[in-house]
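Below is model.pdb, holding PDB, C-alpha atoms.
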ATOM      1  CA  MET A   1     -35.537  26.774  -5.571  1.00  0.00           C
ATOM      2  CA  SER A   2     -37.005  23.341  -4.821  1.00  0.00           C
ATOM      3  CA  ARG A   3     -35.720  22.031  -8.187  1.00  0.00           C
ATOM      4  CA  LEU A   4     -32.233  23.270  -7.369  1.00  0.00           C
ATOM      5  CA  LEU A   5     -32.389  21.585  -3.965  1.00  0.00           C
ATOM      6  CA  LEU A   6     -33.678  18.362  -5.547  1.00  0.00           C
ATOM      7  CA  CYS A   7     -30.835  18.396  -8.115  1.00  0.00           C
ATOM      8  CA  PHE A   8     -28.307  18.982  -5.341  1.00  0.00           C
ATOM      9  CA  PHE A   9     -29.546  15.957  -3.345  1.00  0.00           C
ATOM     10  CA  PHE A  10     -29.654  13.831  -6.503  1.00  0.00           C
ATOM     11  CA  LEU A  11     -26.007  14.664  -7.220  1.00  0.00           C
ATOM     12  CA  ILE A  12     -24.959  13.898  -3.646  1.00  0.00           C
ATOM     13  CA  PHE A  13     -26.755  10.530  -3.607  1.00  0.00           C
ATOM     14  CA  SER A  14     -25.499   9.665  -7.107  1.00  0.00           C
ATOM     15  CA  PHE A  15     -21.925  10.296  -6.020  1.00  0.00           C
ATOM     16  CA  ALA A  16     -22.435   8.149  -2.912  1.00  0.00           C
ATOM     17  CA  ALA A  17     -23.712   5.310  -5.088  1.00  0.00           C
ATOM     18  CA  ILE A  18     -20.701   5.535  -7.430  1.00  0.00           C
ATOM     19  CA  SER A  19     -18.069   5.952  -4.724  1.00  0.00           C
ATOM     20  CA  GLN A  20     -17.217   2.642  -3.081  1.00  0.00           C
ATOM     21  CA  LYS A  21     -15.394   2.182   0.195  1.00  0.00           C
ATOM     22  CA  TYR A  22     -13.159  -0.863   0.658  1.00  0.00           C
ATOM     23  CA  LYS A  23     -11.087  -2.368   3.458  1.00  0.00           C
ATOM     24  CA  PRO A  24      -7.860  -4.261   2.747  1.00  0.00           C
ATOM     25  CA  ALA A  25      -7.984  -7.901   3.882  1.00  0.00           C
ATOM     26  CA  ASP A  26      -5.126 -10.208   4.849  1.00  0.00           C
ATOM     27  CA  ALA A  27      -6.875 -13.241   3.358  1.00  0.00           C
ATOM     28  CA  GLY A  28      -6.179 -13.117  -0.377  1.00  0.00           C
ATOM     29  CA  SER A  29      -3.497 -10.403  -0.026  1.00  0.00           C
ATOM     30  CA  LYS A  30       0.285 -10.468  -0.100  1.00  0.00           C
ATOM     31  CA  VAL A  31       2.765  -7.754   0.854  1.00  0.00           C
ATOM     32  CA  HIS A  32       6.150  -9.157  -0.135  1.00  0.00           C
ATOM     33  CA  PHE A  33       9.668  -7.709  -0.087  1.00  0.00           C
ATOM     34  CA  VAL A  34      13.007  -8.862  -1.523  1.00  0.00           C
ATOM     35  CA  ILE A  35      16.484  -7.661  -0.534  1.00  0.00           C
ATOM     36  CA  LYS A  36      19.926  -9.028  -1.378  1.00  0.00           C
ATOM     37  CA  ASN A  37      21.733 -10.445   1.650  1.00  0.00           C
ATOM     38  CA  PHE A  38      25.268 -11.739   0.932  1.00  0.00           C
ATOM     39  CA  GLY A  39      24.365 -11.321  -2.756  1.00  0.00           C
ATOM     40  CA  ILE A  40      21.398 -13.709  -2.497  1.00  0.00           C
ATOM     41  CA  ASN A  41      17.776 -12.585  -2.818  1.00  0.00           C
ATOM     42  CA  THR A  42      16.113 -12.903   0.579  1.00  0.00           C
ATOM     43  CA  GLY A  43      12.439 -12.195   0.959  1.00  0.00           C
ATOM     44  CA  GLY A  44       9.676 -11.865   3.448  1.00  0.00           C
ATOM     45  CA  ASP A  45       6.054 -10.974   3.910  1.00  0.00           C
ATOM     46  CA  LEU A  46       4.049  -8.570   6.030  1.00  0.00           C
ATOM     47  CA  SER A  47       0.404  -8.810   7.045  1.00  0.00           C
ATOM     48  CA  GLY A  48      -1.968  -7.089   9.436  1.00  0.00           C
ATOM     49  CA  LEU A  49      -3.447  -4.959   6.672  1.00  0.00           C
ATOM     50  CA  LYS A  50      -5.661  -2.112   7.843  1.00  0.00           C
ATOM     51  CA  GLY A  51      -7.042   1.072   6.390  1.00  0.00           C
ATOM     52  CA  ASP A  52      -9.467   2.577   3.933  1.00  0.00           C
ATOM     53  CA  ILE A  53      -9.645   2.621   0.160  1.00  0.00           C
ATOM     54  CA  ASN A  54     -12.095   4.901  -1.594  1.00  0.00           C
ATOM     55  CA  LEU A  55     -12.572   3.839  -5.197  1.00  0.00           C
ATOM     56  CA  VAL A  56     -14.440   6.051  -7.658  1.00  0.00           C
ATOM     57  CA  PRO A  57     -14.003   4.444 -11.113  1.00  0.00           C
ATOM     58  CA  ALA A  58     -15.800   7.272 -12.893  1.00  0.00           C
ATOM     59  CA  ASN A  59     -13.658   9.932 -11.176  1.00  0.00           C
ATOM     60  CA  VAL A  60     -10.138   8.670 -10.525  1.00  0.00           C
ATOM     61  CA  ALA A  61      -9.130  12.003  -8.991  1.00  0.00           C
ATOM     62  CA  ALA A  62     -11.573  11.291  -6.131  1.00  0.00           C
ATOM     63  CA  CYS A  63      -9.895   7.951  -5.285  1.00  0.00           C
ATOM     64  CA  ASN A  64      -7.748   7.696  -2.194  1.00  0.00           C
ATOM     65  CA  PHE A  65      -5.822   5.117  -0.206  1.00  0.00           C
ATOM     66  CA  ASN A  66      -4.790   5.079   3.444  1.00  0.00           C
ATOM     67  CA  VAL A  67      -3.467   1.614   4.265  1.00  0.00           C
ATOM     68  CA  SER A  68      -0.946   0.053   6.620  1.00  0.00           C
ATOM     69  CA  VAL A  69       0.700  -3.232   7.558  1.00  0.00           C
ATOM     70  CA  ASP A  70       1.858  -4.371  10.986  1.00  0.00           C
ATOM     71  CA  VAL A  71       5.668  -4.552  11.274  1.00  0.00           C
ATOM     72  CA  ASN A  72       5.284  -7.165  14.032  1.00  0.00           C
ATOM     73  CA  THR A  73       3.965  -9.634  11.430  1.00  0.00           C
ATOM     74  CA  ILE A  74       7.214  -9.725   9.429  1.00  0.00           C
ATOM     75  CA  ASP A  75       7.872 -13.285   8.269  1.00  0.00           C
ATOM     76  CA  THR A  76      11.083 -14.274   6.443  1.00  0.00           C
ATOM     77  CA  ASP A  77      10.837 -17.989   7.329  1.00  0.00           C
ATOM     78  CA  ASN A  78      13.662 -17.444   9.834  1.00  0.00           C
ATOM     79  CA  ASN A  79      12.606 -16.625  13.409  1.00  0.00           C
ATOM     80  CA  MET A  80      16.018 -15.234  14.408  1.00  0.00           C
ATOM     81  CA  ARG A  81      16.067 -12.899  11.385  1.00  0.00           C
ATOM     82  CA  ASP A  82      12.465 -11.826  12.065  1.00  0.00           C
ATOM     83  CA  LYS A  83      13.326 -10.972  15.668  1.00  0.00           C
ATOM     84  CA  ASP A  84      16.384  -9.011  14.505  1.00  0.00           C
ATOM     85  CA  LEU A  85      14.341  -7.083  11.890  1.00  0.00           C
ATOM     86  CA  LYS A  86      11.725  -6.151  14.518  1.00  0.00           C
ATOM     87  CA  GLY A  87      14.469  -4.901  16.840  1.00  0.00           C
ATOM     88  CA  LYS A  88      15.876  -1.420  17.324  1.00  0.00           C
ATOM     89  CA  SER A  89      18.648  -1.916  14.737  1.00  0.00           C
ATOM     90  CA  TYR A  90      16.112  -2.182  11.910  1.00  0.00           C
ATOM     91  CA  PHE A  91      12.359  -1.480  12.157  1.00  0.00           C
ATOM     92  CA  ASP A  92      12.119  -0.893  15.930  1.00  0.00           C
ATOM     93  CA  ALA A  93       8.633  -2.441  15.823  1.00  0.00           C
ATOM     94  CA  GLU A  94       7.975  -1.628  19.466  1.00  0.00           C
ATOM     95  CA  LYS A  95       8.171   2.095  18.675  1.00  0.00           C
ATOM     96  CA  PHE A  96       7.149   2.078  14.961  1.00  0.00           C
ATOM     97  CA  SER A  97       4.628  -0.751  14.628  1.00  0.00           C
ATOM     98  CA  ALA A  98       3.101   0.201  11.263  1.00  0.00           C
ATOM     99  CA  ILE A  99       4.235   0.860   7.712  1.00  0.00           C
ATOM    100  CA  THR A 100       1.738   3.255   6.156  1.00  0.00           C
ATOM    101  CA  MET A 101       0.938   4.368   2.597  1.00  0.00           C
ATOM    102  CA  VAL A 102      -1.322   7.364   2.013  1.00  0.00           C
ATOM    103  CA  SER A 103      -2.194   8.591  -1.461  1.00  0.00           C
ATOM    104  CA  THR A 104      -2.020  12.228  -2.467  1.00  0.00           C
ATOM    105  CA  LYS A 105      -3.169  11.597  -6.037  1.00  0.00           C
ATOM    106  CA  ILE A 106      -4.403   8.700  -8.182  1.00  0.00           C
ATOM    107  CA  ASN A 107      -4.273   8.980 -11.983  1.00  0.00           C
ATOM    108  CA  LYS A 108      -5.060   6.733 -14.892  1.00  0.00           C
ATOM    109  CA  THR A 109      -1.944   5.623 -16.756  1.00  0.00           C
ATOM    110  CA  ASN A 110      -1.357   5.954 -20.476  1.00  0.00           C
ATOM    111  CA  LYS A 111      -1.750   2.171 -20.939  1.00  0.00           C
ATOM    112  CA  THR A 112      -4.522   1.326 -23.358  1.00  0.00           C
ATOM    113  CA  SER A 113      -5.945  -1.517 -21.271  1.00  0.00           C
ATOM    114  CA  ALA A 114      -8.468  -0.667 -18.574  1.00  0.00           C
ATOM    115  CA  GLY A 115      -7.667  -0.935 -14.889  1.00  0.00           C
ATOM    116  CA  TRP A 116      -4.182   0.666 -14.921  1.00  0.00           C
ATOM    117  CA  TYR A 117      -3.587   3.532 -12.489  1.00  0.00           C
ATOM    118  CA  TYR A 118      -0.710   5.512 -11.014  1.00  0.00           C
ATOM    119  CA  PHE A 119      -0.337   5.941  -7.252  1.00  0.00           C
ATOM    120  CA  THR A 120       1.331   9.069  -5.903  1.00  0.00           C
ATOM    121  CA  GLY A 121       1.573   9.481  -2.159  1.00  0.00           C
ATOM    122  CA  ASN A 122       3.603   9.087   0.985  1.00  0.00           C
ATOM    123  CA  LEU A 123       5.210   6.010   2.483  1.00  0.00           C
ATOM    124  CA  THR A 124       6.029   6.015   6.196  1.00  0.00           C
ATOM    125  CA  ILE A 125       8.495   3.480   7.586  1.00  0.00           C
ATOM    126  CA  HIS A 126      10.314   3.691  10.910  1.00  0.00           C
ATOM    127  CA  GLY A 127       8.770   7.111  11.538  1.00  0.00           C
ATOM    128  CA  VAL A 128      10.176   8.560   8.303  1.00  0.00           C
ATOM    129  CA  THR A 129       7.836   9.708   5.520  1.00  0.00           C
ATOM    130  CA  LYS A 130       8.982   9.897   1.904  1.00  0.00           C
ATOM    131  CA  PRO A 131       7.107  10.447  -1.370  1.00  0.00           C
ATOM    132  CA  ILE A 132       6.455   7.382  -3.505  1.00  0.00           C
ATOM    133  CA  ALA A 133       4.888   6.781  -6.919  1.00  0.00           C
ATOM    134  CA  PHE A 134       4.211   3.598  -8.896  1.00  0.00           C
ATOM    135  CA  PRO A 135       1.751   2.056 -11.382  1.00  0.00           C
ATOM    136  CA  PHE A 136      -0.831  -0.486 -10.247  1.00  0.00           C
ATOM    137  CA  THR A 137      -3.827  -2.389 -11.537  1.00  0.00           C
ATOM    138  CA  ALA A 138      -7.292  -2.563 -10.022  1.00  0.00           C
ATOM    139  CA  THR A 139      -9.291  -5.635 -11.015  1.00  0.00           C
ATOM    140  CA  SER A 140     -12.875  -6.256  -9.980  1.00  0.00           C
ATOM    141  CA  ARG A 141     -13.449  -9.510  -8.077  1.00  0.00           C
ATOM    142  CA  GLY A 142     -17.234  -9.454  -7.761  1.00  0.00           C
ATOM    143  CA  ASP A 143     -17.978  -6.901  -5.041  1.00  0.00           C
ATOM    144  CA  ASP A 144     -14.280  -6.673  -4.139  1.00  0.00           C
ATOM    145  CA  TYR A 145     -11.134  -5.370  -5.869  1.00  0.00           C
ATOM    146  CA  LEU A 146      -7.623  -6.731  -6.233  1.00  0.00           C
ATOM    147  CA  PHE A 147      -4.908  -4.065  -6.355  1.00  0.00           C
ATOM    148  CA  VAL A 148      -1.519  -5.189  -7.726  1.00  0.00           C
ATOM    149  CA  GLY A 149       1.625  -3.068  -7.964  1.00  0.00           C
ATOM    150  CA  GLY A 150       5.199  -2.748  -6.857  1.00  0.00           C
ATOM    151  CA  PHE A 151       7.997  -0.316  -6.137  1.00  0.00           C
ATOM    152  CA  THR A 152      11.631  -0.121  -5.040  1.00  0.00           C
ATOM    153  CA  ILE A 153      12.955   1.866  -2.081  1.00  0.00           C
ATOM    154  CA  ASN A 154      16.265   2.519  -0.384  1.00  0.00           C
ATOM    155  CA  ARG A 155      15.957   1.221   3.194  1.00  0.00           C
ATOM    156  CA  LEU A 156      18.505   3.778   4.431  1.00  0.00           C
ATOM    157  CA  ASP A 157      16.196   6.614   3.314  1.00  0.00           C
ATOM    158  CA  PHE A 158      13.831   5.391   6.040  1.00  0.00           C
ATOM    159  CA  GLY A 159      16.470   4.765   8.712  1.00  0.00           C
ATOM    160  CA  VAL A 160      16.079   0.974   8.536  1.00  0.00           C
ATOM    161  CA  GLY A 161      19.404  -0.611   9.437  1.00  0.00           C
ATOM    162  CA  SER A 162      22.766   0.908   8.673  1.00  0.00           C
ATOM    163  CA  ASN A 163      25.192   0.909   5.761  1.00  0.00           C
ATOM    164  CA  SER A 164      26.419  -2.618   5.103  1.00  0.00           C
ATOM    165  CA  ILE A 165      28.602  -4.416   2.584  1.00  0.00           C
ATOM    166  CA  ILE A 166      26.579  -7.628   2.981  1.00  0.00           C
ATOM    167  CA  LEU A 167      23.038  -6.221   2.960  1.00  0.00           C
ATOM    168  CA  SER A 168      21.760  -4.271  -0.043  1.00  0.00           C
ATOM    169  CA  ASN A 169      20.193  -0.871   0.457  1.00  0.00           C
ATOM    170  CA  THR A 170      17.653  -1.583  -2.293  1.00  0.00           C
ATOM    171  CA  VAL A 171      14.389  -3.281  -1.325  1.00  0.00           C
ATOM    172  CA  LYS A 172      11.810  -4.402  -3.899  1.00  0.00           C
ATOM    173  CA  VAL A 173       8.232  -4.453  -2.643  1.00  0.00           C
ATOM    174  CA  SER A 174       5.368  -6.194  -4.421  1.00  0.00           C
ATOM    175  CA  LEU A 175       1.763  -5.674  -3.442  1.00  0.00           C
ATOM    176  CA  SER A 176      -1.267  -7.817  -4.160  1.00  0.00           C
ATOM    177  CA  VAL A 177      -4.006  -6.431  -1.931  1.00  0.00           C
ATOM    178  CA  LEU A 178      -7.545  -7.746  -1.880  1.00  0.00           C
ATOM    179  CA  ALA A 179      -9.932  -5.031  -0.747  1.00  0.00           C
ATOM    180  CA  LYS A 180     -13.362  -6.031   0.518  1.00  0.00           C
ATOM    181  CA  LYS A 181     -16.383  -3.814  -0.012  1.00  0.00           C
ATOM    182  CA  GLY A 182     -17.446  -2.299   3.235  1.00  0.00           C
TER
END
Would you mind writing the file's structure down as structure tokens?
Amino acid sequence: MSRLLLCFFFLIFSFAAISQKYKPADAGSKVHFVIKNFGINTGGDLSGLKGDINLVPANVAACNFNVSVDVNTIDTDNNMRDKDLKGKSYFDAEKFSAITMVSTKINKTNKTSAGWYYFTGNLTIHGVTKPIAFPFTATSRGDDYLFVGGFTINRLDFGVGSNSIILSNTVKVSLSVLAKKG
């Protein structure tokens, strides 16, 4: 019985040593979006990264992400546009201050090079949650990790803005998130 108990504690502590918890950091990260406005690519960035990332390289199925950005940090290099995007016609940042991504499953991809994964989860924007899936890379940076990926969404699926002949419905999002061990 004592051997069984000893093995159980060894397994628990071994898993704790392998599983690493990370926090996304604004410094060294970039959450960027591009949308066509009058047929011209217009972009912006979001910051205020928060959340938890649990990385288990030996057991990808045990990995999980729960991260968010602050809508109030939107920066398109145009203060009037930023104010409009934060308003009720688009993000309604006063009511829906965060954009959140929560994983439901992480898999390795079929790419032969190491560090490629596939994110499956839920994206919440403007109080609307939709499933999302995309490939990403995870690259060790000493004690930290850099996660890089991207996806495309339809802004109308999330109730952001209204139908428009001058503003595209398609938004491309690129992520480069530095996660600090902690």
Please build the interface table for segment 122-158 of chain A against segment 56-59 of chain A with a cut-off of 12 Å, listing for each qualifying residue the nearest atom pair and the distance in Å to one decimal; count only C-alpha atoms, order rows by chain and increasing number, and write it as a Markdown table.
| residue | atom | partner | partner_atom | distance |
| --- | --- | --- | --- | --- |
| A:Ala138 | CA | A:Pro57 | CA | 9.8 |
| A:Thr139 | CA | A:Pro57 | CA | 11.1 |
| A:Ser140 | CA | A:Pro57 | CA | 10.8 |
| A:Tyr145 | CA | A:Pro57 | CA | 11.5 |
Subject >> Using all atoms listed in the file: which of A:Asn64, A:Ser103, A:Asn78, A:Thr129 has the shortest distance to Gly159 of chain A >> reply: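 That would be A:Thr129, the residue with the smallest distance to Gly159 of chain A.
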Original post:
If the PyMOL selection byres ((chain A and resi 148-151) around 10) is run on the structure shown, which residues does it catch, given as a PyMOL selection string?
Top reply: chain A and resi 29-33+116-119+132-139+145-147+152-153+171-178
Please dump the current selection as a tab-separated table (two decimals), in the coordinates of the input; keep C-alpha atoms.
chain	number	residue	atom	x	y	z
A	29	SER	CA	-3.50	-10.40	-0.03
A	30	LYS	CA	0.28	-10.47	-0.10
A	31	VAL	CA	2.76	-7.75	0.85
A	32	HIS	CA	6.15	-9.16	-0.14
A	33	PHE	CA	9.67	-7.71	-0.09
A	116	TRP	CA	-4.18	0.67	-14.92
A	117	TYR	CA	-3.59	3.53	-12.49
A	118	TYR	CA	-0.71	5.51	-11.01
A	119	PHE	CA	-0.34	5.94	-7.25
A	132	ILE	CA	6.46	7.38	-3.50
A	133	ALA	CA	4.89	6.78	-6.92
A	134	PHE	CA	4.21	3.60	-8.90
A	135	PRO	CA	1.75	2.06	-11.38
A	136	PHE	CA	-0.83	-0.49	-10.25
A	137	THR	CA	-3.83	-2.39	-11.54
A	138	ALA	CA	-7.29	-2.56	-10.02
A	139	THR	CA	-9.29	-5.64	-11.02
A	145	TYR	CA	-11.13	-5.37	-5.87
A	146	LEU	CA	-7.62	-6.73	-6.23
A	147	PHE	CA	-4.91	-4.07	-6.36
A	152	THR	CA	11.63	-0.12	-5.04
A	153	ILE	CA	12.96	1.87	-2.08
A	171	VAL	CA	14.39	-3.28	-1.32
A	172	LYS	CA	11.81	-4.40	-3.90
A	173	VAL	CA	8.23	-4.45	-2.64
A	174	SER	CA	5.37	-6.19	-4.42
A	175	LEU	CA	1.76	-5.67	-3.44
A	176	SER	CA	-1.27	-7.82	-4.16
A	177	VAL	CA	-4.01	-6.43	-1.93
A	178	LEU	CA	-7.54	-7.75	-1.88
Subject >> Of the listed residues A:Ile40, A:Ile53, A:Ile35, A:Leu167, that which approaches Lys23 of chain A most closely, counting only C-alpha atoms >> reply: A:Ile53
**OP:** Identify all residues satisfying the PyMOL selection byres ((chain A and resi 85) around 12) in the given file; provide them as a ChimeraX atom specification.
**Re:** /A:44,46,71-76,78-84,86-94,97,126,160-161
Would you export the selected residues with C-alpha atoms as a JSON list (two decimals), keeping the file's coordinate frame, please?
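The file below, out-v5.json, is the result:
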[["chain", "number", "residue", "atom", "x", "y", "z"],
["A", 44, "GLY", "CA", 9.68, -11.86, 3.45],
["A", 46, "LEU", "CA", 4.05, -8.57, 6.03],
["A", 71, "VAL", "CA", 5.67, -4.55, 11.27],
["A", 72, "ASN", "CA", 5.28, -7.16, 14.03],
["A", 73, "THR", "CA", 3.96, -9.63, 11.43],
["A", 74, "ILE", "CA", 7.21, -9.72, 9.43],
["A", 75, "ASP", "CA", 7.87, -13.28, 8.27],
["A", 76, "THR", "CA", 11.08, -14.27, 6.44],
["A", 78, "ASN", "CA", 13.66, -17.44, 9.83],
["A", 79, "ASN", "CA", 12.61, -16.62, 13.41],
["A", 80, "MET", "CA", 16.02, -15.23, 14.41],
["A", 81, "ARG", "CA", 16.07, -12.90, 11.38],
["A", 82, "ASP", "CA", 12.46, -11.83, 12.06],
["A", 83, "LYS", "CA", 13.33, -10.97, 15.67],
["A", 84, "ASP", "CA", 16.38, -9.01, 14.50],
["A", 86, "LYS", "CA", 11.72, -6.15, 14.52],
["A", 87, "GLY", "CA", 14.47, -4.90, 16.84],
["A", 88, "LYS", "CA", 15.88, -1.42, 17.32],
["A", 89, "SER", "CA", 18.65, -1.92, 14.74],
["A", 90, "TYR", "CA", 16.11, -2.18, 11.91],
["A", 91, "PHE", "CA", 12.36, -1.48, 12.16],
["A", 92, "ASP", "CA", 12.12, -0.89, 15.93],
["A", 93, "ALA", "CA", 8.63, -2.44, 15.82],
["A", 94, "GLU", "CA", 7.98, -1.63, 19.47],
["A", 97, "SER", "CA", 4.63, -0.75, 14.63],
["A", 126, "HIS", "CA", 10.31, 3.69, 10.91],
["A", 160, "VAL", "CA", 16.08, 0.97, 8.54],
["A", 161, "GLY", "CA", 19.40, -0.61, 9.44]]
Original post:
How many Å separate atom CA of Phe65 of chain A from atom CA of Pro24 of chain A?
Top reply: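 Those two atoms sit 10.0 Å apart.
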Original post:
Quick one: distance from atom CA of Ser168 of chain A to atom CA of Val128 of chain A in Å, one decimal?
Top reply: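 We find that atom CA of Ser168 of chain A and atom CA of Val128 of chain A lie 19.2 Å from each other.
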Original post:
Between A:Val34, A:Ala62, A:Leu156, A:Val69, which one has atoms that come closest to Lys21 of chain A, using only C-alpha atoms?
Top reply: A:Ala62
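Nearest to Thr124 of chain A of all the residues A:Val67, A:Asn107, A:Thr170, A:Gly142 is A:Val67, based on only C-alpha atoms.
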